[in-house]
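Structure data (compact mmCIF, C-alpha atoms) from model.txt:
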# COMPACT_ATOMS: atom_id res chain seq x y z
CA MET A 1 -5.78 1.83 27.61
CA ARG A 2 -9.07 3.64 27.96
CA ALA A 3 -11.91 1.30 28.85
CA ASP A 4 -13.89 2.18 25.72
CA LEU A 5 -10.89 1.47 23.48
CA LEU A 6 -10.25 -1.81 25.28
CA ALA A 7 -13.87 -2.84 24.71
CA LEU A 8 -13.69 -1.81 21.04
CA ALA A 9 -10.46 -3.76 20.49
CA ALA A 10 -12.03 -6.84 22.08
CA GLU A 11 -15.16 -6.49 19.93
CA LEU A 12 -13.20 -6.10 16.70
CA SER A 13 -10.92 -9.03 17.56
CA ALA A 14 -13.92 -11.23 18.38
CA ARG A 15 -15.29 -10.47 14.90
CA GLY A 16 -11.96 -11.31 13.32
CA GLU A 17 -11.38 -7.75 12.12
CA PRO A 18 -7.79 -6.46 11.95
CA LEU A 19 -6.86 -3.23 13.69
CA VAL A 20 -3.87 -1.12 14.61
CA LEU A 21 -3.23 0.11 18.13
CA ALA A 22 -1.45 3.47 18.08
CA THR A 23 0.26 4.64 21.27
CA VAL A 24 2.11 7.89 21.91
CA VAL A 25 5.43 6.90 23.46
CA ARG A 26 7.26 10.25 23.44
CA ARG A 27 6.62 13.93 22.83
CA GLU A 28 8.49 17.20 22.67
CA PRO A 29 6.74 20.52 23.34
CA TYR A 30 4.55 21.78 22.10
CA SER A 31 2.17 18.98 21.20
CA SER A 32 -1.38 18.28 22.28
CA ALA A 33 -0.64 14.55 22.48
CA GLN A 34 0.76 13.09 25.67
CA PRO A 35 2.67 9.84 26.31
CA GLY A 36 0.15 7.07 26.82
CA ASP A 37 -2.50 8.58 24.54
CA MET A 38 -3.96 5.84 22.36
CA ALA A 39 -6.09 5.31 19.28
CA ILE A 40 -7.46 2.38 17.32
CA ILE A 41 -7.44 2.47 13.54
CA THR A 42 -9.51 -0.15 11.74
CA ALA A 43 -8.98 -1.67 8.31
CA SER A 44 -11.61 0.70 6.90
CA GLY A 45 -9.64 3.70 8.20
CA ALA A 46 -12.00 4.48 11.10
CA TYR A 47 -10.11 6.34 13.83
CA HIS A 48 -11.04 6.00 17.51
CA GLY A 49 -9.13 7.74 20.29
CA TRP A 50 -6.46 10.42 20.26
CA VAL A 51 -2.78 10.48 19.35
CA GLY A 52 -2.61 14.04 18.05
CA GLY A 53 -4.71 16.61 16.26
CA ALA A 54 -5.67 17.08 12.63
CA CYS A 55 -2.04 17.53 11.58
CA ALA A 56 -1.16 14.02 12.83
CA ALA A 57 -4.28 11.93 12.24
CA PRO A 58 -4.07 11.62 8.40
CA THR A 59 -0.48 10.42 8.59
CA VAL A 60 -1.29 7.96 11.35
CA ARG A 61 -4.19 6.58 9.28
CA ARG A 62 -2.00 6.16 6.22
CA GLU A 63 0.82 4.47 8.11
CA ALA A 64 -1.65 2.22 9.95
CA ALA A 65 -2.89 0.94 6.58
CA LEU A 66 0.69 0.02 5.68
CA VAL A 67 1.12 -1.74 9.03
CA LEU A 68 -1.97 -3.84 8.30
CA ALA A 69 -0.67 -4.60 4.82
CA ASP A 70 2.68 -6.01 5.95
CA GLY A 71 1.73 -7.06 9.48
CA GLN A 72 4.81 -5.39 10.94
CA PRO A 73 4.78 -2.81 13.76
CA ARG A 74 6.55 0.50 13.27
CA LEU A 75 7.61 3.52 15.24
CA LEU A 76 6.67 6.89 13.77
CA SER A 77 8.37 10.16 14.54
CA LEU A 78 6.30 13.15 13.42
CA SER A 79 8.23 16.39 13.59
CA PRO A 80 8.71 19.70 11.73
CA ASP A 81 12.20 18.51 10.76
CA PRO A 82 12.06 14.74 10.11
CA GLY A 83 15.69 14.73 9.07
CA GLN A 84 16.71 15.45 12.64
CA ALA A 85 14.52 12.61 13.93
CA ALA A 86 15.75 9.98 11.48
CA ARG A 87 17.42 7.00 13.13
CA PRO A 88 17.42 3.20 12.64
CA GLY A 89 14.07 1.59 13.30
CA VAL A 90 12.12 4.86 13.09
CA THR A 91 9.90 6.13 10.28
CA ALA A 92 10.48 9.89 10.36
CA LEU A 93 7.77 11.97 8.70
CA PRO A 94 6.91 15.66 8.56
CA ILE A 95 4.20 17.27 10.66
CA THR A 96 2.86 20.75 10.03
CA CYS A 97 1.21 21.57 13.33
CA HIS A 98 1.53 25.26 14.15
CA SER A 99 2.72 24.28 17.63
CA GLY A 100 5.90 22.85 16.12
CA GLY A 101 6.03 19.91 18.50
CA THR A 102 7.25 16.37 17.91
CA ILE A 103 5.42 13.15 18.75
CA GLU A 104 6.52 9.54 18.46
CA ILE A 105 3.81 6.94 17.99
CA PHE A 106 4.13 3.17 18.09
CA LEU A 107 1.81 1.37 15.65
CA GLU A 108 1.09 -2.25 16.52
CA PRO A 109 -1.05 -4.51 14.30
CA VAL A 110 -3.62 -6.77 15.93
CA LEU A 111 -4.44 -9.37 13.31
CA PRO A 112 -7.00 -12.17 13.41
CA ALA A 113 -5.68 -15.67 13.84
CA PRO A 114 -5.20 -17.71 10.67
CA ARG A 115 -7.77 -20.45 10.20
CA LEU A 116 -7.09 -24.17 10.01
CA ARG A 117 -9.71 -26.65 8.80
CA VAL A 118 -8.88 -30.34 9.20
CA PHE A 119 -10.96 -33.07 7.60
CA GLY A 120 -10.89 -36.62 8.94
CA GLY A 121 -10.79 -38.64 12.11
CA SER A 122 -7.45 -40.31 11.44
CA PRO A 123 -4.49 -40.06 13.85
CA VAL A 124 -2.81 -37.62 11.41
CA ALA A 125 -5.91 -35.41 11.34
CA ARG A 126 -6.15 -35.36 15.13
CA ALA A 127 -2.45 -34.51 15.45
CA VAL A 128 -2.67 -31.66 12.88
CA ALA A 129 -5.69 -30.21 14.70
CA ALA A 130 -3.88 -30.40 18.04
CA ILE A 131 -0.81 -28.63 16.66
CA GLY A 132 -2.98 -25.95 15.08
CA GLN A 133 -4.73 -25.24 18.37
CA ALA A 134 -1.42 -25.12 20.23
CA ALA A 135 -0.03 -22.69 17.61
CA GLY A 136 -2.96 -20.29 18.06
CA TYR A 137 -4.78 -21.03 14.81
CA ALA A 138 -8.57 -20.83 14.75
CA THR A 139 -8.93 -24.57 14.28
CA GLU A 140 -11.96 -26.44 12.99
CA HIS A 141 -11.68 -30.24 13.12
CA LEU A 142 -14.26 -31.97 10.93
CA ALA A 143 -13.94 -35.59 11.92
CA ASP A 144 -17.19 -36.49 10.15
CA GLY A 145 -16.71 -34.17 7.17
CA ALA A 146 -19.59 -31.85 8.05
CA ALA A 147 -18.41 -28.24 7.68
CA ASP A 148 -19.95 -25.48 9.76
CA PRO A 149 -21.65 -23.09 7.27
CA ALA A 150 -20.93 -20.13 9.56
CA ALA A 151 -17.21 -20.81 9.28
CA ARG A 152 -17.34 -20.02 5.55
CA ALA A 153 -18.42 -16.47 6.31
CA ALA A 154 -15.42 -15.76 8.53
CA ALA A 155 -13.22 -12.71 8.11
CA PRO A 156 -10.92 -12.66 5.05
CA VAL A 157 -7.88 -14.20 6.72
CA PRO A 158 -5.84 -17.10 5.37
CA LEU A 159 -7.49 -20.49 5.55
CA PHE A 160 -5.31 -23.60 5.57
CA ALA A 161 -6.99 -26.94 4.93
CA VAL A 162 -5.78 -30.48 5.45
CA VAL A 163 -7.60 -33.59 4.30
CA ALA A 164 -6.50 -36.66 6.23
CA THR A 165 -9.61 -38.79 5.83
CA MET A 166 -7.46 -41.66 4.55
CA GLY A 167 -10.16 -43.67 2.80
CA ASP A 168 -13.24 -42.26 4.53
CA PHE A 169 -15.30 -39.77 2.42
CA ASP A 170 -12.10 -38.64 0.66
CA GLU A 171 -13.77 -37.16 -2.43
CA ASP A 172 -16.41 -35.29 -0.41
CA ALA A 173 -13.80 -33.86 1.94
CA ILE A 174 -11.53 -32.65 -0.86
CA GLU A 175 -14.44 -31.10 -2.74
CA ALA A 176 -15.62 -29.32 0.43
CA ALA A 177 -12.09 -28.09 1.12
CA ILE A 178 -11.71 -26.70 -2.40
CA ALA A 179 -15.05 -24.91 -2.11
CA ALA A 180 -13.68 -22.98 0.88
CA ARG A 181 -10.90 -21.57 -1.36
CA PRO A 182 -8.04 -22.21 1.07
CA ALA A 183 -4.61 -20.66 0.73
CA TYR A 184 -3.22 -24.14 1.28
CA LEU A 185 -4.77 -27.56 0.78
CA GLY A 186 -2.81 -30.65 1.65
CA VAL A 187 -4.12 -34.17 1.12
CA VAL A 188 -2.64 -37.06 3.08
CA ALA A 189 -2.68 -39.96 0.62
CA SER A 190 -0.28 -41.94 -1.48
CA ARG A 191 0.42 -40.64 -4.97
CA ARG A 192 -1.46 -43.57 -6.47
CA ARG A 193 -4.50 -43.00 -4.27
CA PHE A 194 -4.48 -39.27 -4.98
CA ALA A 195 -4.35 -39.96 -8.74
CA GLU A 196 -7.54 -42.02 -8.33
CA LEU A 197 -9.16 -39.25 -6.29
CA ARG A 198 -8.20 -36.69 -8.90
CA GLU A 199 -9.90 -38.64 -11.69
CA ALA A 200 -13.03 -39.09 -9.58
CA LEU A 201 -13.18 -35.39 -8.76
CA LEU A 202 -12.66 -34.39 -12.38
CA ALA A 203 -15.65 -36.56 -13.22
CA ARG A 204 -17.63 -34.60 -10.61
CA GLY A 205 -16.78 -31.38 -12.41
CA VAL A 206 -14.08 -30.09 -10.06
CA PRO A 207 -11.74 -27.81 -12.07
CA ALA A 208 -8.36 -29.31 -12.91
CA ALA A 209 -6.59 -26.10 -11.79
CA ALA A 210 -8.02 -26.47 -8.29
CA LEU A 211 -6.82 -30.07 -8.11
CA ASP A 212 -3.38 -29.15 -9.43
CA ALA A 213 -2.96 -26.68 -6.54
CA ILE A 214 -3.32 -29.46 -3.95
CA ARG A 215 -0.20 -30.43 -2.03
CA ASN A 216 0.28 -34.18 -2.28
CA PRO A 217 2.04 -35.72 -0.54
CA ALA A 218 1.17 -33.14 2.09
CA GLY A 219 3.99 -31.72 4.19
CA LEU A 220 7.69 -31.10 3.88
CA ASP A 221 9.97 -34.05 3.34
CA LEU A 222 11.28 -34.51 6.88
CA GLY A 223 11.46 -38.28 6.76
CA ALA A 224 8.31 -38.52 8.89
CA HIS A 225 6.73 -41.91 9.62
CA ARG A 226 4.54 -41.73 12.73
CA PRO A 227 1.24 -39.81 12.53
CA GLU A 228 2.56 -37.11 14.85
CA GLU A 229 5.65 -36.70 12.69
CA VAL A 230 3.56 -36.46 9.54
CA ALA A 231 1.44 -33.78 11.24
CA ILE A 232 4.58 -31.82 12.11
CA SER A 233 5.76 -31.97 8.49
CA ILE A 234 2.36 -30.70 7.29
CA PHE A 235 2.32 -27.85 9.75
CA ALA A 236 5.90 -26.97 8.85
CA GLU A 237 4.74 -26.57 5.25
CA ILE A 238 1.86 -24.36 6.38
CA VAL A 239 4.23 -22.17 8.40
CA GLN A 240 6.55 -21.91 5.40
CA LEU A 241 3.72 -20.74 3.13
CA ARG A 242 1.88 -18.56 5.63
CA PRO A 243 3.55 -15.17 4.84
CA ALA A 244 2.65 -15.39 1.14
CA ALA A 245 -0.85 -16.61 2.00
CA ALA A 246 -1.41 -13.68 4.34
CA VAL A 247 -0.54 -11.19 1.60
CA ALA A 248 -2.80 -12.96 -0.90
CA ALA A 249 -5.73 -13.11 1.53
CA GLU A 250 -5.69 -9.43 2.37
CA ALA A 251 -7.88 -7.26 0.18
CA PRO A 252 -7.26 -3.74 1.46
CA PRO A 253 -10.53 -1.81 1.55
CA PRO A 254 -10.81 1.37 -0.50
CA ALA A 255 -9.09 4.13 1.43
CA PRO A 256 -10.37 7.68 1.66
CA THR A 257 -8.61 9.94 -0.82
CA ARG A 258 -6.55 12.81 0.49
CA ALA A 259 -5.29 16.12 -0.88
CA VAL A 260 -2.34 18.38 -0.19
CA ASP A 261 -3.01 21.78 1.35
CA PRO A 262 -1.52 24.16 -1.29
CA ILE A 263 -0.44 26.62 1.40
CA CYS A 264 1.28 24.54 4.09
CA GLY A 265 1.72 21.22 2.28
CA MET A 266 -0.16 19.23 4.90
CA GLU A 267 -2.19 16.19 3.82
CA VAL A 268 -5.94 16.61 4.31
CA GLU A 269 -8.55 13.86 4.22
CA ILE A 270 -11.02 14.82 1.50
CA ALA A 271 -13.92 13.02 3.11
CA GLY A 272 -15.47 15.42 5.57
CA ALA A 273 -13.00 18.24 4.87
CA ARG A 274 -14.25 21.47 6.46
CA HIS A 275 -12.14 23.99 4.56
CA THR A 276 -12.29 23.99 0.76
CA ALA A 277 -12.12 26.42 -2.14
CA GLU A 278 -12.49 26.14 -5.91
CA ARG A 279 -10.43 27.75 -8.63
CA ASP A 280 -10.51 27.04 -12.35
CA GLY A 281 -12.69 23.97 -11.75
CA ILE A 282 -10.26 22.49 -9.22
CA THR A 283 -11.25 21.92 -5.60
CA TYR A 284 -8.55 22.69 -3.05
CA TYR A 285 -8.56 21.34 0.50
CA PHE A 286 -7.06 23.05 3.54
CA CYS A 287 -6.06 21.98 7.00
CA CYS A 288 -7.57 25.07 8.62
CA ALA A 289 -9.43 28.32 7.93
CA ARG A 290 -6.18 30.32 8.06
CA CYS A 291 -4.68 28.45 5.10
CA ARG A 292 -7.90 28.84 3.14
CA GLU A 293 -7.90 32.60 3.78
CA ARG A 294 -4.30 32.91 2.60
CA PHE A 295 -5.17 30.98 -0.55
CA LEU A 296 -8.16 33.18 -1.32
CA ALA A 297 -6.13 36.31 -0.73
CA SER A 298 -3.35 35.29 -3.09
CA PRO A 299 -3.98 31.97 -4.83
CA PRO A 300 -0.87 30.10 -5.97
CA ALA A 301 -0.62 28.71 -9.49
CA PRO A 302 -3.24 26.01 -10.01
CA ARG A 303 -2.03 22.56 -9.04
CA ARG A 304 -3.67 19.20 -9.09
CA ILE A 305 -4.95 17.81 -5.87
CA HIS A 306 -3.14 14.67 -4.84
CA LEU A 307 -5.57 11.80 -4.83
CA ALA A 308 -4.20 8.66 -3.30
CA THR A 309 -4.97 5.56 -1.37
CA ARG A 310 -3.35 4.79 1.95
CA ALA A 311 -1.45 1.97 0.28
CA GLU A 312 0.82 4.49 -1.46

Can you turn what I pasted into C-alpha cells?
Amino acid sequence: MRADLLALAAELSARGEPLVLATVVRREPYSSAQPGDMAIITASGAYHGWVGGACAAPTVRREAALVLADGQPRLLSLSPDPGQAARPGVTALPITCHSGGTIEIFLEPVLPAPRLRVFGGSPVARAVAAIGQAAGYATEHLADGAADPAARAAAPVPLFAVVATMGDFDEDAIEAAIAARPAYLGVVASRRRFAELREALLARGVPAAALDAIRNPAGLDLGAHRPEEVAISIFAEIVQLRPAAAVAAEAPPPAPTRAVDPICGMEVEIAGARHTAERDGITYYFCCARCRERFLASPPAPRRIHLATRAE
C-alpha cells in the first residue's frame, strides 16, 4: 500500500470511521489500472487513490457503500461484457471505458470495533470486560460507575452495555447505561431484584419502553453458575445479537446522486460533473466531452436523469 494511503487508513481507523480498501487484483488490456493499485473509499464517499479512471470510480464508490452496509467483502469484475465475467463469488458489472479493458477489484471493509461498556466491580463484571478485550471490542470497564463523557461521542458503531453492579449503585448504573442508547443492555440481577430496580427507575422518570428492552436475566441459558460462566453466557448473547445491532447502528450518510450518460449509458457522479447540457429543462450529464458533443449534434429523446443513492 502507498504510504499516504496507509497513513490515511490508520488515521480513519483511529477515529473509528469505517472505510473500504479497494485493490486491483487482475486486469486485461487495455486498462489504466494495474494489479496492486489501491484506493480508500470512506463512508462519505470520498475516494483516495487509484483503481481505474472515471469509468470505474463511480461503480467502485457505489459498491463500496454496499460493502459498508453489509460488512462483507466482495470481488468486482468490471468489463465491457459482464456476462462473460460472471462466475460464483464475483460481482460482474459493466464498464464503458473506451479502452475496452477489464479490471477486477477486491473491496474489503475496515470497520471500527464494536464498543462494550461494563458497569460494576463484581467478578461477573470483571470477567465480561476481560472477554470483551480478548474478543477485540473497544471495552470500557466502569468499576465505580463513572462514565467517560468522551466515550459518548464515539463513532456510530454498536454499543453493548452490561450492568453487573450487583447491589452497588444499581439504579445509577442502569440509568447511565440507558442514556448511552446501547444496542444491548443486560442487567445481572435476580428477577425479583430487577423488578424492584424497575419500579425505582420508573419513579425517576426512566421510560418504561427503555426498561422493557433490558435483558434480564442477562445472557443465554447455558446453565452457568460461576462468574466466568455467567460472563460467557452474556457475551454469547451479545455475539448472537451483534449482526442485527450492527445494521441498526449504521446510518448511511447521504450519497452523491448520479446520472446516466444518455449516449454511452455510463453512470456519472453529478457532484463536480465537468460535462453537462440542458434540453427542455432537463440537465444531462456526460462522462466525457465526446459524448456531450454527440448529444448536442443529435439529441436523443428526452429522458429523466437517474438520481439515486449508493444504497440502491

Legend entry - Close residues, A:Ile103 itself excluded, 10 Å, all atoms listed in the file, min 5 positions apart in chain, as a ChimeraX atom specification: /A:24-35,51-52,56,76-79,95

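Separating atom CA of A:Pro158 from atom CA of A:Arg126 is a distance of 20.7 Å.
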
Inset, instruction - Write out as an MDAnalysis selection string which residues come within 12 Å of A:Pro227 when counting all atoms listed in the file, dropping same-chain ones fewer than 3 positions away. - result: chainID A and resid 122:128 164 166 188 219 223:224 230:234

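With only C-alpha atoms as the atoms that count, the residue of A:Arg115, A:Arg74, A:Arg15, A:Arg191 with the shortest distance to A:Gly89 is A:Arg74.
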
Legend entry - Which of A:Arg215, A:His225, A:Arg117, A:Arg294 sits closest to A:Ala173 [using all atoms listed in the file]: A:Arg117

Inset, instruction - Could you check which of A:Ala86, A:Ile270, A:Ala65, A:Ile263 is closest to A:Ala297, using all atoms listed in the file? - result: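 Answer, going by the shortest atom-to-atom distance: A:Ile263.
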
Legend entry - Distance criterion (all atoms listed in the file): nearest to A:Tyr285 out of A:Ile214, A:Ala259, A:Ala271, A:Ala57: A:Ala259

Legend entry - Length of the atom CA of A:Gly167 to atom CA of A:Glu196 vector [Å]: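 Calculated distance between atom CA of A:Gly167 and atom CA of A:Glu196 is 11.6 Å.
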
Inset, instruction - Would you please work out which residue, of A:Pro88, A:Ala3, A:Ala244, A:Ala209, is nearest to A:Gly71 when using all atoms listed in the file? - result: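 Ranking A:Pro88, A:Ala3, A:Ala244, A:Ala209 by distance to A:Gly71, first place goes to A:Ala244.
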
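The coordinates place atom CA of A:Gly83 at 29.6 Å from atom CA of A:Ala43.
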
Legend entry - Protein/DNA/RNA residues near (0.1, -30.9, -0.2), cut 12 Å, only C-alpha atoms, as number ranges by chain: A: 160-164, 174, 182-191, 194, 211-221, 230-231, 233-238, 241

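Comparing the minimum interatomic distances between A:Val206 and each of A:Leu159, A:Ala176, A:Ala14, A:Leu222, counting only C-alpha atoms, we find that A:Ala176 sits nearest.
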
Legend entry - Close residues, A:Leu107 itself excluded, 8 Å, only C-alpha atoms, min 4 positions apart in chain, as a PyMOL selection string: chain A and resi 20-23+64+67+73-76

Inset, instruction - Could you give me, as a VMD selection string, the residues that have an atom at most 6 Å away from the point (-6.3, -3.6, 9.4) in the coordinates of the file, using only C-alpha atoms? - result: chain A and resid 18 to 19 42 to 43 68

Inset, instruction - Pick out the residues sitting within 7 Å of A:Phe286, and hand them over as an MDAnalysis selection string; count only C-alpha atoms, and ignore anything fewer than 4 positions along from it in its own chain. - result: chainID A and resid 261 268 275:276 291:292
